[in-house]
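Student: Input file: structure.cif. Contents: mmCIF, C-alpha atoms.
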```cif
data_input
#
loop_
_atom_site.label_atom_id
_atom_site.label_comp_id
_atom_site.auth_asym_id
_atom_site.auth_seq_id
_atom_site.Cartn_x
_atom_site.Cartn_y
_atom_site.Cartn_z
CA MET A 1147 87.92 153.54 194.76
CA ASP A 1148 84.28 153.05 195.71
CA ILE A 1149 82.97 149.50 195.34
CA ALA A 1150 79.32 149.18 194.28
CA PHE A 1151 78.21 147.09 197.25
CA GLU A 1152 74.66 148.44 197.02
CA LYS A 1153 74.12 146.74 193.64
CA GLY A 1154 74.05 143.31 195.29
CA GLY A 1155 72.28 144.21 198.51
CA GLY A 1156 75.53 145.07 200.29
CA LEU A 1157 77.57 142.20 198.86
CA VAL A 1158 79.86 141.80 195.88
CA PRO A 1159 81.17 138.51 194.50
CA ALA A 1160 84.88 137.95 195.10
CA ILE A 1161 86.74 135.53 192.83
CA ILE A 1162 89.74 133.79 194.37
CA GLN A 1163 92.50 132.88 191.92
CA ASP A 1164 95.83 131.16 192.60
CA HIS A 1165 98.40 133.81 191.68
CA ARG A 1166 100.92 131.28 190.42
CA THR A 1167 98.84 128.73 188.52
CA GLY A 1168 95.97 130.99 187.48
CA ASP A 1169 93.47 128.39 188.69
CA VAL A 1170 90.19 129.75 190.00
CA LEU A 1171 89.88 128.32 193.51
CA MET A 1172 86.53 129.56 194.78
CA LEU A 1173 84.02 132.37 194.85
CA GLY A 1174 82.82 134.09 197.99
CA PHE A 1175 81.00 137.30 198.84
CA MET A 1176 82.31 140.39 200.60
CA ASN A 1177 80.55 143.28 202.25
CA ALA A 1178 82.41 146.50 203.03
CA PRO A 1179 83.72 145.31 206.43
CA ALA A 1180 84.94 142.01 204.93
CA LEU A 1181 86.86 143.88 202.23
CA ALA A 1182 88.30 146.28 204.79
CA GLU A 1183 89.42 143.39 206.99
CA THR A 1184 90.91 141.61 203.96
CA GLN A 1185 92.87 144.74 203.09
CA ARG A 1186 93.95 145.33 206.71
CA THR A 1187 95.19 141.79 207.34
CA GLY A 1188 96.32 140.78 203.85
CA GLU A 1189 94.30 137.56 204.22
CA VAL A 1190 90.94 136.83 202.64
CA VAL A 1191 87.86 137.52 204.79
CA PHE A 1192 84.42 136.85 203.33
CA PHE A 1193 80.93 137.63 204.51
CA SER A 1194 79.07 134.38 205.09
CA ARG A 1195 75.53 134.60 203.75
CA SER A 1196 74.38 131.57 205.74
CA ARG A 1197 76.03 132.52 209.04
CA ASN A 1198 75.43 136.23 208.48
CA LYS A 1199 78.84 137.26 209.74
CA LEU A 1200 82.45 137.79 208.69
CA TRP A 1201 84.27 134.58 207.90
CA LYS A 1202 88.04 134.42 207.70
CA LYS A 1203 88.81 131.73 205.14
CA GLY A 1204 91.03 129.11 206.80
CA GLU A 1205 90.34 130.19 210.37
CA THR A 1206 89.84 126.54 211.41
CA SER A 1207 91.92 124.64 208.87
CA GLY A 1208 94.85 127.03 208.80
CA HIS A 1209 94.46 127.16 205.01
CA LEU A 1210 94.57 130.95 204.85
CA LEU A 1211 94.59 132.85 201.57
CA LYS A 1212 97.37 135.47 201.41
CA VAL A 1213 96.39 138.31 199.11
CA LYS A 1214 98.93 139.05 196.39
CA GLU A 1215 96.81 141.40 194.30
CA LEU A 1216 93.36 142.90 194.50
CA ARG A 1217 91.52 143.79 191.31
CA VAL A 1218 88.15 145.35 190.62
CA ASP A 1219 86.09 145.17 187.47
CA CYS A 1220 84.96 148.00 185.20
CA ASP A 1221 81.66 148.53 187.01
CA ALA A 1222 83.23 148.11 190.46
CA ASP A 1223 80.70 145.41 191.32
CA ALA A 1224 83.00 142.37 191.35
CA LEU A 1225 86.41 141.67 192.90
CA LEU A 1226 89.26 139.42 191.81
CA LEU A 1227 91.79 138.43 194.44
CA ARG A 1228 94.97 136.80 193.30
CA VAL A 1229 96.23 134.85 196.28
CA GLU A 1230 98.84 132.48 197.61
CA PRO A 1231 96.83 129.65 199.15
CA LEU A 1232 98.36 128.18 202.31
CA GLY A 1233 97.77 124.47 202.60
CA PRO A 1234 96.69 121.79 200.14
CA GLY A 1235 93.31 123.16 199.12
CA VAL A 1236 90.44 125.54 199.77
CA CYS A 1237 87.47 123.20 199.34
CA HIS A 1238 85.75 121.65 202.33
CA GLU A 1239 85.38 118.48 200.25
CA GLY A 1240 89.16 118.03 200.11
CA TYR A 1241 90.06 119.56 196.77
CA ARG A 1242 92.47 122.30 195.80
CA SER A 1243 89.64 124.23 194.13
CA CYS A 1244 85.92 124.28 194.84
CA PHE A 1245 85.38 124.01 191.07
CA PHE A 1246 86.40 120.35 190.94
CA ARG A 1247 83.36 119.18 189.01
CA LYS A 1248 82.62 119.74 185.37
CA ILE A 1249 79.26 119.54 183.69
CA GLY A 1250 79.19 117.60 180.45
CA ALA A 1251 77.14 118.11 177.32
CA ASP A 1252 74.48 115.84 178.77
CA GLY A 1253 74.17 118.03 181.86
CA ALA A 1254 75.71 115.47 184.18
CA ALA A 1255 78.44 116.51 186.61
CA SER A 1256 81.65 114.54 187.04
CA VAL A 1257 84.68 115.01 189.25
CA ALA A 1258 87.57 116.42 187.22
CA GLU A 1259 90.26 116.76 189.90
CA THR A 1260 91.92 114.54 192.43
CA ARG A 1261 91.63 115.06 196.17
CA THR A 1262 94.58 116.79 197.82
CA PHE A 1263 93.60 116.28 201.46
CA GLU A 1264 91.20 114.42 203.70
CA PRO A 1265 88.70 116.98 204.95
CA GLU A 1266 87.66 114.96 208.00
CA LYS A 1267 91.21 115.23 209.30
CA VAL A 1268 91.45 118.96 208.70
CA TYR A 1269 88.09 120.41 209.64
CA ARG A 1270 86.45 120.38 212.98
CA GLN A 1271 83.98 123.26 212.73
CA GLU A 1272 84.70 125.14 209.53
CA ARG A 1273 82.55 124.42 206.55
CA LYS A 1274 82.03 126.53 203.51
CA PRO A 1275 78.75 128.19 204.41
CA MET B 63 73.21 118.36 188.29
CA ASP B 64 70.91 120.86 190.00
CA ILE B 65 72.30 124.38 190.32
CA ALA B 66 71.28 126.26 193.48
CA PHE B 67 69.72 129.24 191.71
CA GLU B 68 67.34 129.89 194.62
CA LYS B 69 70.24 130.79 196.93
CA GLY B 70 70.84 134.03 195.05
CA GLY B 71 67.26 134.92 194.23
CA GLY B 72 67.28 132.97 190.97
CA LEU B 73 70.78 133.98 189.90
CA VAL B 74 74.21 132.46 190.31
CA PRO B 75 77.52 134.22 189.61
CA ALA B 76 79.33 132.93 186.52
CA ILE B 77 83.08 133.46 186.27
CA ILE B 78 84.48 133.73 182.75
CA GLN B 79 88.05 132.52 182.34
CA ASP B 80 90.21 132.41 179.20
CA HIS B 81 90.83 128.69 178.70
CA ARG B 82 94.29 129.21 177.25
CA THR B 83 95.82 131.96 179.41
CA GLY B 84 93.88 131.29 182.62
CA ASP B 85 93.07 135.01 182.88
CA VAL B 86 89.78 135.85 184.53
CA LEU B 87 87.94 137.98 181.99
CA MET B 88 84.69 138.96 183.68
CA LEU B 89 81.90 137.94 186.00
CA GLY B 90 78.25 137.84 185.06
CA PHE B 91 75.08 136.30 186.44
CA MET B 92 72.99 133.48 185.04
CA ASN B 93 69.47 132.34 185.77
CA ALA B 94 68.25 128.91 184.70
CA PRO B 95 67.22 130.01 181.17
CA ALA B 96 70.57 131.78 180.64
CA LEU B 97 72.47 128.64 181.60
CA ALA B 98 70.23 126.50 179.40
CA GLU B 99 70.79 128.84 176.45
CA THR B 100 74.54 128.85 177.11
CA GLN B 101 74.56 125.06 177.07
CA ARG B 102 72.34 124.85 174.00
CA THR B 103 74.36 127.30 171.89
CA GLY B 104 77.86 126.75 173.30
CA GLU B 105 78.19 130.52 173.68
CA VAL B 106 77.89 132.50 176.91
CA VAL B 107 74.47 133.99 177.68
CA PHE B 108 74.02 135.96 180.89
CA PHE B 109 71.01 137.36 182.66
CA SER B 110 71.29 141.13 182.79
CA ARG B 111 70.25 142.44 186.19
CA SER B 112 69.82 145.99 184.89
CA ARG B 113 67.95 145.12 181.70
CA ASN B 114 66.12 142.22 183.35
CA LYS B 115 66.51 139.91 180.37
CA LEU B 116 68.84 137.41 178.76
CA TRP B 117 71.97 138.96 177.33
CA LYS B 118 74.16 137.14 174.84
CA LYS B 119 77.68 138.39 175.46
CA GLY B 120 79.04 139.80 172.22
CA GLU B 121 75.70 140.09 170.46
CA THR B 122 76.59 143.59 169.23
CA SER B 123 80.37 143.53 169.13
CA GLY B 124 80.71 140.04 167.72
CA HIS B 125 83.05 139.25 170.61
CA LEU B 126 81.30 136.03 171.54
CA LEU B 127 82.57 133.69 174.23
CA LYS B 128 82.79 130.08 173.05
CA VAL B 129 82.39 127.68 175.96
CA LYS B 130 85.20 125.15 176.27
CA GLU B 131 84.34 123.79 179.71
CA LEU B 132 81.63 124.37 182.29
CA ARG B 133 82.40 123.82 185.94
CA VAL B 134 80.33 124.10 189.08
CA ASP B 135 81.52 124.58 192.64
CA CYS B 136 81.02 122.28 195.62
CA ASP B 137 77.81 123.94 196.76
CA ALA B 138 76.46 124.29 193.21
CA ASP B 139 75.94 128.01 193.70
CA ALA B 140 78.67 129.37 191.42
CA LEU B 141 79.74 128.57 187.86
CA LEU B 142 83.11 128.71 186.14
CA LEU B 143 83.13 128.87 182.35
CA ARG B 144 86.41 128.32 180.60
CA VAL B 145 86.03 129.98 177.22
CA GLU B 146 87.66 130.92 173.97
CA PRO B 147 87.02 134.65 173.64
CA LEU B 148 86.41 135.80 170.07
CA GLY B 149 87.81 139.25 169.42
CA PRO B 150 90.30 141.47 171.24
CA GLY B 151 88.53 141.80 174.57
CA VAL B 152 85.38 141.46 176.64
CA CYS B 153 85.31 144.81 178.43
CA HIS B 154 83.17 147.66 177.19
CA GLU B 155 86.01 150.00 178.16
CA GLY B 156 88.31 148.41 175.57
CA TYR B 157 90.29 145.90 177.61
CA ARG B 158 90.82 142.18 177.26
CA SER B 159 89.48 141.66 180.80
CA CYS B 160 87.02 143.67 182.86
CA PHE B 161 89.45 143.31 185.77
CA PHE B 162 91.95 145.79 184.32
CA ARG B 163 92.30 147.88 187.46
CA LYS B 164 94.10 146.92 190.63
CA ILE B 165 93.61 148.43 194.04
CA GLY B 166 96.80 149.34 195.89
CA ALA B 167 97.59 149.21 199.58
CA ASP B 168 96.37 152.81 199.87
CA GLY B 169 92.97 151.85 198.45
CA ALA B 170 93.51 153.74 195.19
CA ALA B 171 92.74 152.04 191.88
CA SER B 172 95.12 152.13 188.94
CA VAL B 173 94.94 150.70 185.44
CA ALA B 174 97.11 147.58 185.21
CA GLU B 175 96.49 146.54 181.59
CA THR B 176 96.77 148.12 178.19
CA ARG B 177 93.80 148.68 175.91
CA THR B 178 93.34 146.15 173.17
CA PHE B 179 90.61 147.90 171.18
CA GLU B 180 88.75 151.17 170.86
CA PRO B 181 85.28 150.61 172.29
CA GLU B 182 83.69 153.52 170.42
CA LYS B 183 84.53 151.78 167.14
CA VAL B 184 83.15 148.44 168.27
CA TYR B 185 80.02 149.18 170.24
CA ARG B 186 76.88 150.81 169.04
CA GLN B 187 74.27 149.67 171.53
CA GLU B 188 75.87 147.01 173.66
CA ARG B 189 77.14 148.01 177.05
CA LYS B 190 77.88 145.79 179.97
CA PRO B 191 74.66 146.29 181.96
#
```
Translate the structure described by the file into structure tokens.
Tutor:
Amino acid sequence: MDIAFEKGGGLVPAIIQDHRTGDVLMLGFMNAPALAETQRTGEVVFFSRSRNKLWKKGETSGHLLKVKELRVDCDADALLLRVEPLGPGVCHEGYRSCFFRKIGADGAASVAETRTFEPEKVYRQERKP
Amino acid sequence: MDIAFEKGGGLVPAIIQDHRTGDVLMLGFMNAPALAETQRTGEVVFFSRSRNKLWKKGETSGHLLKVKELRVDCDADALLLRVEPLGPGVCHEGYRSCFFRKIGADGAASVAETRTFEPEKVYRQERKP
């Protein structure tokens, strides 16, 4: 199936969902080589917009994302990857999910999850770009 | 909390998740006015990239998305909206979720869900842009 990479200037958003809990863990972007590498290795590879290169999620921390199922939406311009996350969390701030803050009715953000690891002990170089 | 709209040229991806089942239903984009309108009304409003205007999801079909919780990711450049979907589905092709196709190891897509409604009976003008 052809993915509509051209719609987003060569990139499509890729939603990462825990295949067991259903929790949405993060969102990254993929270009065609990132998707191909994800499919080849069975582990999530994004394209980093800030570093302008492929970025294997967990390459430093060891918190790789093993792909269990790859889905595409009706217009083929967004991807959903159901994964088994290795390690205690995907967020560089030490949470299981990057979506650990909620925004209330007043517009203020508050932390809605508890930390699952200490990022300073896990990361040396890797940061979510 | 300030959302990093400028990172994506004024738009951030917004993931729509069923708050009861955890299923990811669709992905749209929001600009600042779309998010403000979503917050004001409690119903999901996207920015349509193809129509270049605000787009209230369900405005034609009546299948509105009632916002139950709004989350933001660590870098404030992606949104997660946990919603109560009104109606049998969000996809203009007649499925509960736009992510109704999976891509197999051979790269071929196959339908992985069953239709929940007949789109030709529901839609007159609205199409996912």
Student: Residues at most 9 Å from Met1176 in chain A, counting all atoms listed in the file, excluding those fewer than 6 positions away in the same chain, as a ChimeraX atom specification?
Tutor: /A:1151,1156-1160,1191-1194,1200,1225
Student: Selected by the PyMOL selection byres ((chain B) within 9 of (chain A)) in the shown coordinates: which residues, as JSON, numbers by chain?
Tutor: {"B": [63, 75, 77, 79, 83, 84, 85, 86, 88, 89, 101, 102, 131, 132, 133, 134, 135, 136, 137, 140, 141, 142, 153, 154, 155, 159, 160, 161, 162, 163, 164, 165, 166, 167, 169, 170, 171, 190, 191]}
Student: Keeping only C-alpha atoms, take the residues you just selected and write them out as a JSON list (two decimals), in the coordinates of the input.
Tutor:
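This went into selection39.json:
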```
[["chain", "number", "residue", "atom", "x", "y", "z"],
["B", 63, "MET", "CA", 73.21, 118.36, 188.29],
["B", 75, "PRO", "CA", 77.52, 134.22, 189.61],
["B", 77, "ILE", "CA", 83.08, 133.46, 186.27],
["B", 79, "GLN", "CA", 88.05, 132.52, 182.34],
["B", 83, "THR", "CA", 95.82, 131.96, 179.41],
["B", 84, "GLY", "CA", 93.88, 131.29, 182.62],
["B", 85, "ASP", "CA", 93.07, 135.01, 182.88],
["B", 86, "VAL", "CA", 89.78, 135.85, 184.53],
["B", 88, "MET", "CA", 84.69, 138.96, 183.68],
["B", 89, "LEU", "CA", 81.90, 137.94, 186.00],
["B", 101, "GLN", "CA", 74.56, 125.06, 177.07],
["B", 102, "ARG", "CA", 72.34, 124.85, 174.00],
["B", 131, "GLU", "CA", 84.34, 123.79, 179.71],
["B", 132, "LEU", "CA", 81.63, 124.37, 182.29],
["B", 133, "ARG", "CA", 82.40, 123.82, 185.94],
["B", 134, "VAL", "CA", 80.33, 124.10, 189.08],
["B", 135, "ASP", "CA", 81.52, 124.58, 192.64],
["B", 136, "CYS", "CA", 81.02, 122.28, 195.62],
["B", 137, "ASP", "CA", 77.81, 123.94, 196.76],
["B", 140, "ALA", "CA", 78.67, 129.37, 191.42],
["B", 141, "LEU", "CA", 79.74, 128.57, 187.86],
["B", 142, "LEU", "CA", 83.11, 128.71, 186.14],
["B", 153, "CYS", "CA", 85.31, 144.81, 178.43],
["B", 154, "HIS", "CA", 83.17, 147.66, 177.19],
["B", 155, "GLU", "CA", 86.01, 150.00, 178.16],
["B", 159, "SER", "CA", 89.48, 141.66, 180.80],
["B", 160, "CYS", "CA", 87.02, 143.67, 182.86],
["B", 161, "PHE", "CA", 89.45, 143.31, 185.77],
["B", 162, "PHE", "CA", 91.95, 145.79, 184.32],
["B", 163, "ARG", "CA", 92.30, 147.88, 187.46],
["B", 164, "LYS", "CA", 94.10, 146.92, 190.63],
["B", 165, "ILE", "CA", 93.61, 148.43, 194.04],
["B", 166, "GLY", "CA", 96.80, 149.34, 195.89],
["B", 167, "ALA", "CA", 97.59, 149.21, 199.58],
["B", 169, "GLY", "CA", 92.97, 151.85, 198.45],
["B", 170, "ALA", "CA", 93.51, 153.74, 195.19],
["B", 171, "ALA", "CA", 92.74, 152.04, 191.88],
["B", 190, "LYS", "CA", 77.88, 145.79, 179.97],
["B", 191, "PRO", "CA", 74.66, 146.29, 181.96]]
```
Student: Put chain A on top of chain B with a least-squares fit on all C-alpha atoms, paired in order, and send it back as a short mmCIF file (atom, residue, chain, number, x, y, z; two decimals) with C-alpha atoms, keeping the file's coordinate frame.
Tutor:
```cif
data_model
loop_
_atom_site.label_atom_id
_atom_site.label_comp_id
_atom_site.auth_asym_id
_atom_site.auth_seq_id
_atom_site.Cartn_x
_atom_site.Cartn_y
_atom_site.Cartn_z
CA MET A 1147 73.20 118.37 188.26
CA ASP A 1148 70.90 120.86 189.98
CA ILE A 1149 72.28 124.38 190.32
CA ALA A 1150 71.27 126.27 193.48
CA PHE A 1151 69.73 129.25 191.70
CA GLU A 1152 67.35 129.88 194.60
CA LYS A 1153 70.25 130.79 196.92
CA GLY A 1154 70.83 134.05 195.04
CA GLY A 1155 67.24 134.95 194.23
CA GLY A 1156 67.28 132.98 190.97
CA LEU A 1157 70.79 134.00 189.90
CA VAL A 1158 74.22 132.47 190.31
CA PRO A 1159 77.53 134.22 189.61
CA ALA A 1160 79.33 132.93 186.53
CA ILE A 1161 83.09 133.46 186.27
CA ILE A 1162 84.49 133.73 182.75
CA GLN A 1163 88.07 132.51 182.35
CA ASP A 1164 90.21 132.40 179.20
CA HIS A 1165 90.83 128.68 178.69
CA ARG A 1166 94.30 129.20 177.26
CA THR A 1167 95.81 131.94 179.41
CA GLY A 1168 93.88 131.29 182.61
CA ASP A 1169 93.07 135.00 182.89
CA VAL A 1170 89.77 135.84 184.54
CA LEU A 1171 87.94 137.99 181.99
CA MET A 1172 84.69 138.97 183.69
CA LEU A 1173 81.90 137.93 186.01
CA GLY A 1174 78.25 137.84 185.05
CA PHE A 1175 75.09 136.30 186.45
CA MET A 1176 72.99 133.48 185.04
CA ASN A 1177 69.47 132.36 185.77
CA ALA A 1178 68.26 128.92 184.69
CA PRO A 1179 67.22 130.02 181.17
CA ALA A 1180 70.57 131.79 180.62
CA LEU A 1181 72.46 128.64 181.60
CA ALA A 1182 70.24 126.50 179.39
CA GLU A 1183 70.79 128.83 176.44
CA THR A 1184 74.54 128.85 177.11
CA GLN A 1185 74.56 125.06 177.09
CA ARG A 1186 72.35 124.85 173.98
CA THR A 1187 74.37 127.29 171.88
CA GLY A 1188 77.86 126.75 173.29
CA GLU A 1189 78.20 130.54 173.68
CA VAL A 1190 77.90 132.49 176.90
CA VAL A 1191 74.47 133.99 177.68
CA PHE A 1192 74.02 135.96 180.89
CA PHE A 1193 71.00 137.37 182.65
CA SER A 1194 71.29 141.14 182.77
CA ARG A 1195 70.25 142.46 186.17
CA SER A 1196 69.84 146.01 184.89
CA ARG A 1197 67.95 145.14 181.69
CA ASN A 1198 66.13 142.24 183.34
CA LYS A 1199 66.52 139.94 180.37
CA LEU A 1200 68.85 137.42 178.75
CA TRP A 1201 71.97 138.97 177.31
CA LYS A 1202 74.16 137.13 174.83
CA LYS A 1203 77.68 138.38 175.46
CA GLY A 1204 79.04 139.80 172.19
CA GLU A 1205 75.69 140.08 170.44
CA THR A 1206 76.57 143.60 169.23
CA SER A 1207 80.37 143.53 169.12
CA GLY A 1208 80.72 140.04 167.72
CA HIS A 1209 83.05 139.26 170.64
CA LEU A 1210 81.28 136.02 171.54
CA LEU A 1211 82.57 133.69 174.23
CA LYS A 1212 82.79 130.06 173.04
CA VAL A 1213 82.40 127.68 175.96
CA LYS A 1214 85.21 125.14 176.27
CA GLU A 1215 84.34 123.80 179.71
CA LEU A 1216 81.64 124.36 182.27
CA ARG A 1217 82.41 123.83 185.95
CA VAL A 1218 80.33 124.10 189.09
CA ASP A 1219 81.50 124.57 192.64
CA CYS A 1220 81.03 122.28 195.63
CA ASP A 1221 77.80 123.94 196.76
CA ALA A 1222 76.47 124.28 193.20
CA ASP A 1223 75.94 128.01 193.72
CA ALA A 1224 78.67 129.36 191.42
CA LEU A 1225 79.74 128.56 187.86
CA LEU A 1226 83.12 128.72 186.14
CA LEU A 1227 83.14 128.85 182.36
CA ARG A 1228 86.41 128.32 180.60
CA VAL A 1229 86.02 129.98 177.23
CA GLU A 1230 87.68 130.92 173.98
CA PRO A 1231 87.02 134.64 173.64
CA LEU A 1232 86.41 135.80 170.07
CA GLY A 1233 87.79 139.25 169.42
CA PRO A 1234 90.28 141.46 171.25
CA GLY A 1235 88.52 141.81 174.58
CA VAL A 1236 85.36 141.45 176.64
CA CYS A 1237 85.31 144.81 178.43
CA HIS A 1238 83.15 147.65 177.19
CA GLU A 1239 86.00 149.99 178.15
CA GLY A 1240 88.30 148.41 175.56
CA TYR A 1241 90.27 145.91 177.60
CA ARG A 1242 90.79 142.19 177.26
CA SER A 1243 89.48 141.65 180.79
CA CYS A 1244 87.03 143.67 182.86
CA PHE A 1245 89.46 143.30 185.77
CA PHE A 1246 91.95 145.79 184.33
CA ARG A 1247 92.28 147.86 187.47
CA LYS A 1248 94.11 146.94 190.63
CA ILE A 1249 93.61 148.44 194.04
CA GLY A 1250 96.78 149.34 195.89
CA ALA A 1251 97.59 149.24 199.57
CA ASP A 1252 96.37 152.81 199.87
CA GLY A 1253 92.98 151.86 198.45
CA ALA A 1254 93.50 153.73 195.20
CA ALA A 1255 92.73 152.04 191.89
CA SER A 1256 95.11 152.13 188.94
CA VAL A 1257 94.94 150.70 185.45
CA ALA A 1258 97.11 147.59 185.20
CA GLU A 1259 96.50 146.55 181.58
CA THR A 1260 96.77 148.13 178.18
CA ARG A 1261 93.79 148.70 175.91
CA THR A 1262 93.32 146.14 173.15
CA PHE A 1263 90.58 147.90 171.18
CA GLU A 1264 88.74 151.18 170.85
CA PRO A 1265 85.28 150.62 172.28
CA GLU A 1266 83.68 153.53 170.42
CA LYS A 1267 84.50 151.79 167.15
CA VAL A 1268 83.13 148.44 168.26
CA TYR A 1269 80.00 149.17 170.24
CA ARG A 1270 76.88 150.79 169.05
CA GLN A 1271 74.29 149.61 171.57
CA GLU A 1272 75.90 146.95 173.72
CA ARG A 1273 77.19 147.96 177.09
CA LYS A 1274 77.92 145.78 180.04
CA PRO A 1275 74.75 146.28 182.04
#
```
Student: Give as a PDB file with C-alpha atoms, in the frame of the given file the residues that the PyMOL selection byres ((chain B and resi 179) around 9) matches when applied to the coordinates above.
Tutor:
```pdb
ATOM      1  CA  PRO B 150      90.300 141.470 171.240  1.00  0.00           C
ATOM      2  CA  GLY B 151      88.530 141.800 174.570  1.00  0.00           C
ATOM      3  CA  GLU B 155      86.010 150.000 178.160  1.00  0.00           C
ATOM      4  CA  GLY B 156      88.310 148.410 175.570  1.00  0.00           C
ATOM      5  CA  TYR B 157      90.290 145.900 177.610  1.00  0.00           C
ATOM      6  CA  ARG B 158      90.820 142.180 177.260  1.00  0.00           C
ATOM      7  CA  ARG B 177      93.800 148.680 175.910  1.00  0.00           C
ATOM      8  CA  THR B 178      93.340 146.150 173.170  1.00  0.00           C
ATOM      9  CA  GLU B 180      88.750 151.170 170.860  1.00  0.00           C
ATOM     10  CA  PRO B 181      85.280 150.610 172.290  1.00  0.00           C
ATOM     11  CA  GLU B 182      83.690 153.520 170.420  1.00  0.00           C
ATOM     12  CA  LYS B 183      84.530 151.780 167.140  1.00  0.00           C
ATOM     13  CA  VAL B 184      83.150 148.440 168.270  1.00  0.00           C
TER      14      VAL B 184
END
```
Student: To one decimal in Å, tell me the separation between CA of Ala1178 in chain A and CA of Ile1162 in chain A.
Tutor: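 Spanning CA of Ala1178 in chain A to CA of Ile1162 in chain A is a straight-line distance of 17.0 Å.
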Student: Figure out the distance between CA of Asn1198 in chain A and CA of Leu1211 in chain A, please, to one decimal in Å.
Tutor: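 For CA of Leu1211 in chain A relative to CA of Asn1198 in chain A, the distance reads 20.6 Å.
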Student: In Å, rounded to a single decimal, give me how far CA of Lys1202 in chain A is from CA of Asp1164 in chain A.
Tutor: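 Between CA of Asp1164 in chain A and CA of Lys1202 in chain A the gap is 17.3 Å.
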Student: Please determine, counting all atoms listed in the file, which residue among A:Glu1189, A:Glu1152, A:Glu1183, A:Glu1259 has the shortest atom-to-atom distance to Gly1208 in chain A.
Tutor: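 So, comparing all the options, the nearest one is A:Glu1189.
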Student: The PyMOL selection byres ((chain B and resi 147) around 7) on the file shown: which residues, as a list in words?
Tutor: Asp80, His125, Leu126, Leu127, Lys128, Val145, Glu146, Leu148 and Gly149 of chain B
